[in-house]
Amino acid sequence: MTQLSKEQCREIIARRIAKEFKEGDIITLGIGLPTEAANYVPSDVHVMFQSENGMIGVGHRNLAAPRNAHITNAGGLPVHAKEGAVFFDTSMSFTIIRGGHVDATVLGALQVDAEGNLANWMIPGAFVPGMGGAMDLVVGAKKVIVAMEHTNKGEPRILQKCTLPLTATHEVDMIVTEKAVIDVTPEGLLLKEINPLFSLEDVINSTAAKLIIPEELSVKAA
Amino acid sequence: MIKHIVSIAEAAKLIHDDASVMIGGFLCCGSPQKIIDELVKNQTKGLTLIANDTGFPDSDRGKLIVNKLVKKAIVTHIGTNPETGKQWHNKEIEVELVPMGTLIERIRCAGASLGGFLTPTGVGTVVEEGKQVMEINGKKYLLETPLSADFAIIYATKTDKFGNAFLDGTTRNFNPVMATAAKTVIVETEELSEEPLNPNEITIPGVFIDYIAL
């Protein structure tokens with residue numbers, strides 16, 4: 001079985017997610033791994049990143065700015081504004097987010113399941129940071145992409161049914177991990193791609209949900 | 001319509017123990033930092049804090065938490081300030097976590113005298129607990145109610161004597177909506193403009209502002 005470092009996993013996931021972005025898209029990225037997808041957008045695809053704290057047109061980090069800079073991203077870090085950028089207050093930001101004006105959002109997950117349910121905001125008794133804008137984003141964005149490592153210390157995170165408190169129900173459209181790309185369909189989880197570094201068997205064994213496996217993928221893997 | 005112009009110290013003295021206080025800002029961006037420091041100095045306690053987040057332990061709203069001045073926090077996120085989680089665990093503070101889009105809309109409802117609103121956010125999650133679920137045209141929504149406060153302490157980059165305020169970049173965040181929803185509204189401004197601001201370039205109309213502090 002292929003062993004990848006955490007950094008290698010994150011790069012594979014971020015690169016693959018960037019391929020989902022289409023010309024003209026407005027995209028909201030979660031903090032952490034999802035933010036890295038911004039580094040791999042093809043140069044011929046023009047997208048604008050929305051930030052829940054009140055901005056469309058988020059650019060690169062502004063390393064020269066003070067901590068209380070006037071232009072920051074949703075992680076509170078100073079950023080540059082890209083050409084065409086716009087600032088707005090939280091009310092407008094969530095009209096954009098909840099109102100269906102964001103084309104795609106990329107979020108991390110603790111668990112995701114066969115019905116497209118997502119758990120990414122708390123582990124009772126251990127980790128309760130709060131949901132921030134995640135619940136609104138998942139409900140409002142046209143396409144919800146989950147970016148996460150396939151397992152947590154070997155434990156599957158793609159389950160038949162989430163066990164942790166949910167962020168939203170039936171909203172996830174796509175799951176991208178270092179091992180596979182999976183679409184959430186009304187029939188269940190459809191395995192779309194396998195990273196050639198991994199076997200079909202490895203993907204199946206590290207997933208605790210039933211996968212629909214198209215014939216061409218099983219033939220290729222065999 | 002010239003507003004009361006006060007010092008930071010005078011502004012902070014308006015806020016009494018056990019008050020409910022909306023404080024603008026998103027992490028370190030667009031926070032009324034000087035008034036927060038003054039509340040810490042005054043040890044104004046028993047506060048109900050309504051804000052996006054509880055900041056960091058060493059900055060902004062986080063200092064109120066670290067100094068144990070907050071009785072209850074109604075916020076969207078506490079992850080950047082481990083002290084909030086610790087006090088919550090020890091039952092020293094009450095925390096109500098609210099989705100960001102719901103928190104801002106609850107405040108907007110109070111400012112606009114609306115009775116509440118229906119949102120799909122939180123349906124099928126713990127946020128639904130204790131709330132009325134309504135089905136409209138086959139889709140489920142939660143009934144969320146207005147949220148007001150005794151005080152709103154907000155930030156502005158530049159304010160004129162009429163209270164009209166300009167907020168630069170992403171410093172806007174919760175500030176404009178909070179200005180509509182409290183009995184007494186104090187704006188901490190970086191700059192007081194002698195000349196009236198250009199009416200085309202105003203983020204918050206002065207009608208909402210009671211005190212200008214700097």
# chains A, B, ... in the order shown; residues from 1 in each chain; ligands from 1
call {"tool": "residues_around", "arguments": {"residues": "Gly133 in chain A", "least_positions_apart": "2", "cutoff": "10 Å", "atoms": "only C-alpha atoms", "output": "PyMOL selection string"}}
result
(chain A and resi 30+52-53+74+94+97-98+130-131+135-138) or (chain B and resi 52+76-77+98-103+121)
call {"tool": "interface_residues", "arguments": {"of": "chain A", "to": "chain B", "cutoff": "10 Å", "atoms": "only C-alpha atoms", "output": "ChimeraX atom specification"}}
result
/A:51-55,67-78,81,86-95,97-98,117,119,121,125-140,165-170
call {"tool": "select_by_dssp", "arguments": {"residues": "range 4-222 of chain A", "states": "strand (DSSP E or B)", "output": "short mmCIF file (atom, residue, chain, number, x, y, z; two decimals) with C-alpha atoms, in the first residue's frame"}}
result
data_model
loop_
_atom_site.label_atom_id
_atom_site.label_comp_id
_atom_site.auth_asym_id
_atom_site.auth_seq_id
_atom_site.Cartn_x
_atom_site.Cartn_y
_atom_site.Cartn_z
CA ILE A 26 -17.52 32.48 -7.45
CA ILE A 27 -15.95 30.09 -4.93
CA THR A 28 -15.80 30.03 -1.14
CA LEU A 29 -12.98 28.01 0.39
CA MET A 48 -13.18 34.90 -7.85
CA PHE A 49 -12.87 33.76 -4.25
CA GLN A 50 -15.57 34.88 -1.83
CA SER A 51 -14.74 35.22 1.85
CA MET A 55 -15.23 40.14 0.29
CA ILE A 56 -15.25 38.81 -3.26
CA GLY A 57 -11.84 38.91 -4.97
CA VAL A 58 -9.59 37.52 -2.25
CA GLY A 59 -5.97 37.58 -3.45
CA HIS A 60 -2.67 36.40 -2.01
CA ARG A 61 -1.67 36.82 1.64
CA THR A 72 -8.45 40.13 5.80
CA PRO A 78 -4.34 40.05 5.91
CA VAL A 79 -4.79 39.54 2.15
CA HIS A 80 -4.57 41.55 -1.06
CA ALA A 81 -7.69 42.43 -3.03
CA LYS A 82 -7.69 41.27 -6.65
CA GLU A 83 -8.79 43.44 -9.57
CA GLY A 84 -12.59 43.54 -9.53
CA ALA A 85 -12.80 42.94 -5.78
CA VAL A 86 -15.71 44.16 -3.66
CA PHE A 87 -16.23 44.50 0.10
CA ALA A 104 -18.96 26.11 -5.32
CA THR A 105 -17.71 25.76 -1.80
CA VAL A 106 -14.86 23.54 -0.66
CA LEU A 107 -14.89 22.47 2.98
CA GLN A 111 -17.13 12.61 8.43
CA VAL A 112 -19.27 12.45 5.31
CA ASP A 113 -21.81 9.79 4.47
CA LEU A 118 -21.65 16.29 6.44
CA ALA A 119 -20.15 16.50 9.94
CA ILE A 123 -16.75 16.30 18.34
CA PHE A 127 -13.59 19.69 19.91
CA LYS A 143 -21.96 22.76 -5.38
CA VAL A 144 -20.47 21.42 -2.14
CA ILE A 145 -17.07 19.73 -2.43
CA VAL A 146 -15.57 17.99 0.58
CA ALA A 147 -11.77 18.03 0.75
CA THR A 151 -9.03 8.20 6.62
CA ASN A 152 -8.18 9.58 10.05
CA GLU A 155 -10.18 5.02 10.50
CA PRO A 156 -12.64 5.55 7.63
CA ILE A 158 -16.58 8.12 4.53
CA LEU A 159 -19.40 6.27 6.25
CA ALA A 168 -26.14 19.88 7.17
CA MET A 174 -18.50 15.51 -4.27
CA ILE A 175 -15.75 14.07 -2.07
CA VAL A 176 -12.09 14.47 -3.01
CA ALA A 180 -10.31 8.86 -4.86
CA VAL A 181 -12.93 11.19 -6.25
CA ILE A 182 -16.49 10.24 -5.27
CA ASP A 183 -19.78 11.77 -6.42
CA VAL A 184 -22.79 11.74 -4.10
CA THR A 185 -25.78 10.60 -6.19
CA GLY A 188 -25.40 6.41 -3.31
CA LEU A 189 -21.67 7.08 -3.55
CA LEU A 190 -20.35 6.76 -7.11
CA LEU A 191 -16.61 6.12 -7.39
CA LYS A 192 -15.44 8.40 -10.21
CA GLU A 193 -11.65 8.24 -10.07
CA ILE A 194 -8.95 6.29 -8.27
CA ALA A 208 -17.00 2.40 5.37
CA LEU A 211 -19.45 2.38 -3.28
CA ILE A 212 -21.03 2.16 -6.71
#
call {"tool": "atom_distance", "arguments": {"atom1": "CA of His4 in chain B", "atom2": "CA of Asp210 in chain B"}}
result
6.7 Å
call {"tool": "closest_residue", "arguments": {"among": "B:Lys139, B:Lys13, B:Lys91, B:Arg106", "to": "Asn42 in chain B", "atoms": "only C-alpha atoms"}}
result
B:Lys13
call {"tool": "residues_around", "arguments": {"residues": "Ala51 in chain B", "least_positions_apart": "6", "cutoff": "7 Å", "atoms": "only C-alpha atoms", "output": "PyMOL selection string"}}
result
chain B and resi 22-24+74-75
call {"tool": "write_last_selection", "arguments": {"atoms": "C-alpha atoms", "output": "PDB file, in the first residue's frame"}}
result
ATOM      1  CA  MET B  22     -22.952  43.606  20.704  1.00  0.00           C
ATOM      2  CA  ILE B  23     -19.340  44.087  19.662  1.00  0.00           C
ATOM      3  CA  GLY B  24     -18.398  44.376  15.983  1.00  0.00           C
ATOM      4  CA  ILE B  74     -23.716  34.349  21.738  1.00  0.00           C
ATOM      5  CA  VAL B  75     -21.233  33.783  18.911  1.00  0.00           C
TER       6      VAL B  75
END
call {"tool": "select_by_dssp", "arguments": {"residues": "range 60-122 of chain A", "states": "alpha helix (DSSP H)", "output": "short mmCIF file (atom, residue, chain, number, x, y, z; two decimals) with N, CA and C atoms, in the first residue's frame"}}
result
data_model
loop_
_atom_site.label_atom_id
_atom_site.label_comp_id
_atom_site.auth_asym_id
_atom_site.auth_seq_id
_atom_site.Cartn_x
_atom_site.Cartn_y
_atom_site.Cartn_z
N THR A 90 -21.60 41.62 6.72
CA THR A 90 -21.95 40.20 6.93
C THR A 90 -23.34 39.86 6.40
N SER A 91 -24.26 40.82 6.49
CA SER A 91 -25.62 40.57 6.01
C SER A 91 -25.60 40.31 4.50
N MET A 92 -24.88 41.14 3.76
CA MET A 92 -24.75 40.94 2.31
C MET A 92 -23.98 39.64 2.02
N SER A 93 -22.95 39.37 2.84
CA SER A 93 -22.14 38.18 2.62
C SER A 93 -23.00 36.92 2.68
N PHE A 94 -23.94 36.90 3.64
CA PHE A 94 -24.76 35.69 3.79
C PHE A 94 -26.00 35.70 2.89
N THR A 95 -26.31 36.85 2.32
CA THR A 95 -27.29 36.86 1.22
C THR A 95 -26.62 36.18 0.02
N ILE A 96 -25.36 36.47 -0.20
CA ILE A 96 -24.60 35.84 -1.29
C ILE A 96 -24.46 34.34 -1.04
N ILE A 97 -24.09 33.98 0.19
CA ILE A 97 -23.82 32.58 0.52
C ILE A 97 -25.11 31.74 0.57
N ARG A 98 -26.05 32.16 1.38
CA ARG A 98 -27.25 31.36 1.59
C ARG A 98 -28.20 31.46 0.41
#
call {"tool": "residues_around", "arguments": {"residues": "Gly116 in chain B", "least_positions_apart": "2", "cutoff": "8 Å", "atoms": "only C-alpha atoms", "output": "list in words"}}
result
Arg106, Cys109, Leu114, Leu118, Leu143, Glu144, Thr145 and Pro146 of chain B
call {"tool": "atom_distance", "arguments": {"atom1": "CA of Ser7 in chain B", "atom2": "CA of Ile153 in chain B"}}
result
13.6 Å
call {"tool": "atom_distance", "arguments": {"atom1": "CA of Ile186 in chain B", "atom2": "CA of Ile212 in chain B"}}
result
5.9 Å
call {"tool": "decode", "arguments": {"residues": "range 29-74 of chain B", "atoms": "N, CA and C atoms", "output": "PDB file, in the first residue's frame"}}
result
ATOM      1  N   CYS B  29     -10.188  42.014  12.753  1.00  0.00           N
ATOM      2  CA  CYS B  29     -10.515  43.016  11.728  1.00  0.00           C
ATOM      3  C   CYS B  29     -11.794  43.776  12.076  1.00  0.00           C
ATOM      4  N   GLY B  30     -11.687  45.104  12.170  1.00  0.00           N
ATOM      5  CA  GLY B  30     -12.877  45.927  12.387  1.00  0.00           C
ATOM      6  C   GLY B  30     -13.464  45.822  13.776  1.00  0.00           C
ATOM      7  N   SER B  31     -12.600  45.721  14.792  1.00  0.00           N
ATOM      8  CA  SER B  31     -13.070  45.640  16.180  1.00  0.00           C
ATOM      9  C   SER B  31     -12.833  46.982  16.885  1.00  0.00           C
ATOM     10  N   PRO B  32     -13.740  47.344  17.802  1.00  0.00           N
ATOM     11  CA  PRO B  32     -13.509  48.553  18.603  1.00  0.00           C
ATOM     12  C   PRO B  32     -12.526  48.237  19.736  1.00  0.00           C
ATOM     13  N   GLN B  33     -11.267  48.168  19.399  1.00  0.00           N
ATOM     14  CA  GLN B  33     -10.270  47.610  20.326  1.00  0.00           C
ATOM     15  C   GLN B  33     -10.008  48.474  21.551  1.00  0.00           C
ATOM     16  N   LYS B  34     -10.079  49.812  21.368  1.00  0.00           N
ATOM     17  CA  LYS B  34      -9.752  50.689  22.505  1.00  0.00           C
ATOM     18  C   LYS B  34     -10.840  50.612  23.589  1.00  0.00           C
ATOM     19  N   ILE B  35     -12.100  50.562  23.164  1.00  0.00           N
ATOM     20  CA  ILE B  35     -13.174  50.472  24.175  1.00  0.00           C
ATOM     21  C   ILE B  35     -13.107  49.119  24.881  1.00  0.00           C
ATOM     22  N   ILE B  36     -12.782  48.062  24.130  1.00  0.00           N
ATOM     23  CA  ILE B  36     -12.631  46.741  24.762  1.00  0.00           C
ATOM     24  C   ILE B  36     -11.543  46.809  25.847  1.00  0.00           C
ATOM     25  N   ASP B  37     -10.418  47.432  25.519  1.00  0.00           N
ATOM     26  CA  ASP B  37      -9.329  47.560  26.509  1.00  0.00           C
ATOM     27  C   ASP B  37      -9.799  48.319  27.747  1.00  0.00           C
ATOM     28  N   GLU B  38     -10.617  49.329  27.520  1.00  0.00           N
ATOM     29  CA  GLU B  38     -11.116  50.148  28.627  1.00  0.00           C
ATOM     30  C   GLU B  38     -12.103  49.344  29.504  1.00  0.00           C
ATOM     31  N   LEU B  39     -12.923  48.502  28.871  1.00  0.00           N
ATOM     32  CA  LEU B  39     -13.839  47.648  29.650  1.00  0.00           C
ATOM     33  C   LEU B  39     -13.040  46.693  30.535  1.00  0.00           C
ATOM     34  N   VAL B  40     -11.916  46.211  29.999  1.00  0.00           N
ATOM     35  CA  VAL B  40     -11.037  45.333  30.787  1.00  0.00           C
ATOM     36  C   VAL B  40     -10.474  46.123  31.975  1.00  0.00           C
ATOM     37  N   LYS B  41     -10.027  47.353  31.710  1.00  0.00           N
ATOM     38  CA  LYS B  41      -9.472  48.208  32.763  1.00  0.00           C
ATOM     39  C   LYS B  41     -10.529  48.460  33.854  1.00  0.00           C
ATOM     40  N   ASN B  42     -11.776  48.728  33.419  1.00  0.00           N
ATOM     41  CA  ASN B  42     -12.873  48.999  34.364  1.00  0.00           C
ATOM     42  C   ASN B  42     -13.400  47.734  35.037  1.00  0.00           C
ATOM     43  N   GLN B  43     -12.991  46.572  34.497  1.00  0.00           N
ATOM     44  CA  GLN B  43     -13.516  45.282  34.994  1.00  0.00           C
ATOM     45  C   GLN B  43     -15.051  45.261  34.973  1.00  0.00           C
ATOM     46  N   THR B  44     -15.621  45.722  33.863  1.00  0.00           N
ATOM     47  CA  THR B  44     -17.080  45.690  33.670  1.00  0.00           C
ATOM     48  C   THR B  44     -17.494  44.232  33.475  1.00  0.00           C
ATOM     49  N   LYS B  45     -18.290  43.704  34.403  1.00  0.00           N
ATOM     50  CA  LYS B  45     -18.467  42.245  34.413  1.00  0.00           C
ATOM     51  C   LYS B  45     -19.921  41.802  34.195  1.00  0.00           C
ATOM     52  N   GLY B  46     -20.104  40.491  34.083  1.00  0.00           N
ATOM     53  CA  GLY B  46     -21.444  39.927  33.899  1.00  0.00           C
ATOM     54  C   GLY B  46     -22.021  40.211  32.520  1.00  0.00           C
ATOM     55  N   LEU B  47     -21.160  40.477  31.549  1.00  0.00           N
ATOM     56  CA  LEU B  47     -21.627  40.888  30.223  1.00  0.00           C
ATOM     57  C   LEU B  47     -22.203  39.709  29.428  1.00  0.00           C
ATOM     58  N   THR B  48     -23.241  39.999  28.648  1.00  0.00           N
ATOM     59  CA  THR B  48     -23.675  39.068  27.617  1.00  0.00           C
ATOM     60  C   THR B  48     -23.081  39.595  26.322  1.00  0.00           C
ATOM     61  N   LEU B  49     -22.162  38.816  25.746  1.00  0.00           N
ATOM     62  CA  LEU B  49     -21.443  39.242  24.546  1.00  0.00           C
ATOM     63  C   LEU B  49     -22.111  38.654  23.308  1.00  0.00           C
ATOM     64  N   ILE B  50     -22.494  39.526  22.391  1.00  0.00           N
ATOM     65  CA  ILE B  50     -23.036  39.079  21.107  1.00  0.00           C
ATOM     66  C   ILE B  50     -22.036  39.525  20.046  1.00  0.00           C
ATOM     67  N   ALA B  51     -21.421  38.549  19.367  1.00  0.00           N
ATOM     68  CA  ALA B  51     -20.354  38.894  18.423  1.00  0.00           C
ATOM     69  C   ALA B  51     -20.107  37.724  17.489  1.00  0.00           C
ATOM     70  N   ASN B  52     -19.302  37.964  16.453  1.00  0.00           N
ATOM     71  CA  ASN B  52     -18.972  36.859  15.558  1.00  0.00           C
ATOM     72  C   ASN B  52     -18.201  35.772  16.275  1.00  0.00           C
ATOM     73  N   ASP B  53     -17.210  36.204  17.094  1.00  0.00           N
ATOM     74  CA  ASP B  53     -16.280  35.235  17.675  1.00  0.00           C
ATOM     75  C   ASP B  53     -15.759  35.771  18.995  1.00  0.00           C
ATOM     76  N   THR B  54     -15.040  34.936  19.735  1.00  0.00           N
ATOM     77  CA  THR B  54     -14.427  35.401  20.985  1.00  0.00           C
ATOM     78  C   THR B  54     -12.935  35.696  20.799  1.00  0.00           C
ATOM     79  N   GLY B  55     -12.572  36.079  19.563  1.00  0.00           N
ATOM     80  CA  GLY B  55     -11.223  36.578  19.278  1.00  0.00           C
ATOM     81  C   GLY B  55     -10.115  35.619  19.651  1.00  0.00           C
ATOM     82  N   PHE B  56      -8.984  36.189  19.978  1.00  0.00           N
ATOM     83  CA  PHE B  56      -7.815  35.430  20.444  1.00  0.00           C
ATOM     84  C   PHE B  56      -7.594  35.796  21.916  1.00  0.00           C
ATOM     85  N   PRO B  57      -6.896  34.948  22.679  1.00  0.00           N
ATOM     86  CA  PRO B  57      -6.722  35.257  24.109  1.00  0.00           C
ATOM     87  C   PRO B  57      -6.087  36.626  24.347  1.00  0.00           C
ATOM     88  N   ASP B  58      -5.247  37.076  23.424  1.00  0.00           N
ATOM     89  CA  ASP B  58      -4.508  38.338  23.656  1.00  0.00           C
ATOM     90  C   ASP B  58      -5.056  39.505  22.858  1.00  0.00           C
ATOM     91  N   SER B  59      -6.228  39.353  22.245  1.00  0.00           N
ATOM     92  CA  SER B  59      -6.697  40.482  21.443  1.00  0.00           C
ATOM     93  C   SER B  59      -8.217  40.563  21.412  1.00  0.00           C
ATOM     94  N   ASP B  60      -8.684  41.758  21.126  1.00  0.00           N
ATOM     95  CA  ASP B  60     -10.092  42.041  20.833  1.00  0.00           C
ATOM     96  C   ASP B  60     -11.028  41.471  21.906  1.00  0.00           C
ATOM     97  N   ARG B  61     -12.148  40.891  21.457  1.00  0.00           N
ATOM     98  CA  ARG B  61     -13.156  40.378  22.389  1.00  0.00           C
ATOM     99  C   ARG B  61     -12.587  39.275  23.287  1.00  0.00           C
ATOM    100  N   GLY B  62     -11.511  38.658  22.852  1.00  0.00           N
ATOM    101  CA  GLY B  62     -10.880  37.600  23.627  1.00  0.00           C
ATOM    102  C   GLY B  62     -10.422  38.056  24.999  1.00  0.00           C
ATOM    103  N   LYS B  63     -10.027  39.331  25.110  1.00  0.00           N
ATOM    104  CA  LYS B  63      -9.553  39.859  26.398  1.00  0.00           C
ATOM    105  C   LYS B  63     -10.686  39.872  27.433  1.00  0.00           C
ATOM    106  N   LEU B  64     -11.912  40.113  26.957  1.00  0.00           N
ATOM    107  CA  LEU B  64     -13.066  40.111  27.879  1.00  0.00           C
ATOM    108  C   LEU B  64     -13.277  38.713  28.455  1.00  0.00           C
ATOM    109  N   ILE B  65     -13.027  37.701  27.619  1.00  0.00           N
ATOM    110  CA  ILE B  65     -13.176  36.307  28.055  1.00  0.00           C
ATOM    111  C   ILE B  65     -12.080  35.963  29.061  1.00  0.00           C
ATOM    112  N   VAL B  66     -10.845  36.249  28.685  1.00  0.00           N
ATOM    113  CA  VAL B  66      -9.699  35.910  29.536  1.00  0.00           C
ATOM    114  C   VAL B  66      -9.835  36.563  30.911  1.00  0.00           C
ATOM    115  N   ASN B  67     -10.398  37.788  30.945  1.00  0.00           N
ATOM    116  CA  ASN B  67     -10.579  38.504  32.220  1.00  0.00           C
ATOM    117  C   ASN B  67     -11.879  38.137  32.942  1.00  0.00           C
ATOM    118  N   LYS B  68     -12.560  37.125  32.390  1.00  0.00           N
ATOM    119  CA  LYS B  68     -13.784  36.583  33.014  1.00  0.00           C
ATOM    120  C   LYS B  68     -14.864  37.648  33.221  1.00  0.00           C
ATOM    121  N   LEU B  69     -15.026  38.494  32.226  1.00  0.00           N
ATOM    122  CA  LEU B  69     -16.035  39.558  32.301  1.00  0.00           C
ATOM    123  C   LEU B  69     -17.328  39.161  31.587  1.00  0.00           C
ATOM    124  N   VAL B  70     -17.290  38.004  30.888  1.00  0.00           N
ATOM    125  CA  VAL B  70     -18.457  37.589  30.093  1.00  0.00           C
ATOM    126  C   VAL B  70     -19.185  36.443  30.794  1.00  0.00           C
ATOM    127  N   LYS B  71     -20.503  36.673  30.972  1.00  0.00           N
ATOM    128  CA  LYS B  71     -21.350  35.660  31.606  1.00  0.00           C
ATOM    129  C   LYS B  71     -21.882  34.707  30.539  1.00  0.00           C
ATOM    130  N   LYS B  72     -22.232  35.291  29.382  1.00  0.00           N
ATOM    131  CA  LYS B  72     -22.777  34.492  28.290  1.00  0.00           C
ATOM    132  C   LYS B  72     -22.261  35.027  26.962  1.00  0.00           C
ATOM    133  N   ALA B  73     -21.868  34.105  26.081  1.00  0.00           N
ATOM    134  CA  ALA B  73     -21.398  34.511  24.748  1.00  0.00           C
ATOM    135  C   ALA B  73     -22.328  33.923  23.699  1.00  0.00           C
ATOM    136  N   ILE B  74     -22.890  34.784  22.863  1.00  0.00           N
ATOM    137  CA  ILE B  74     -23.716  34.349  21.738  1.00  0.00           C
ATOM    138  C   ILE B  74     -22.893  34.636  20.491  1.00  0.00           C
TER     139      ILE B  74
END
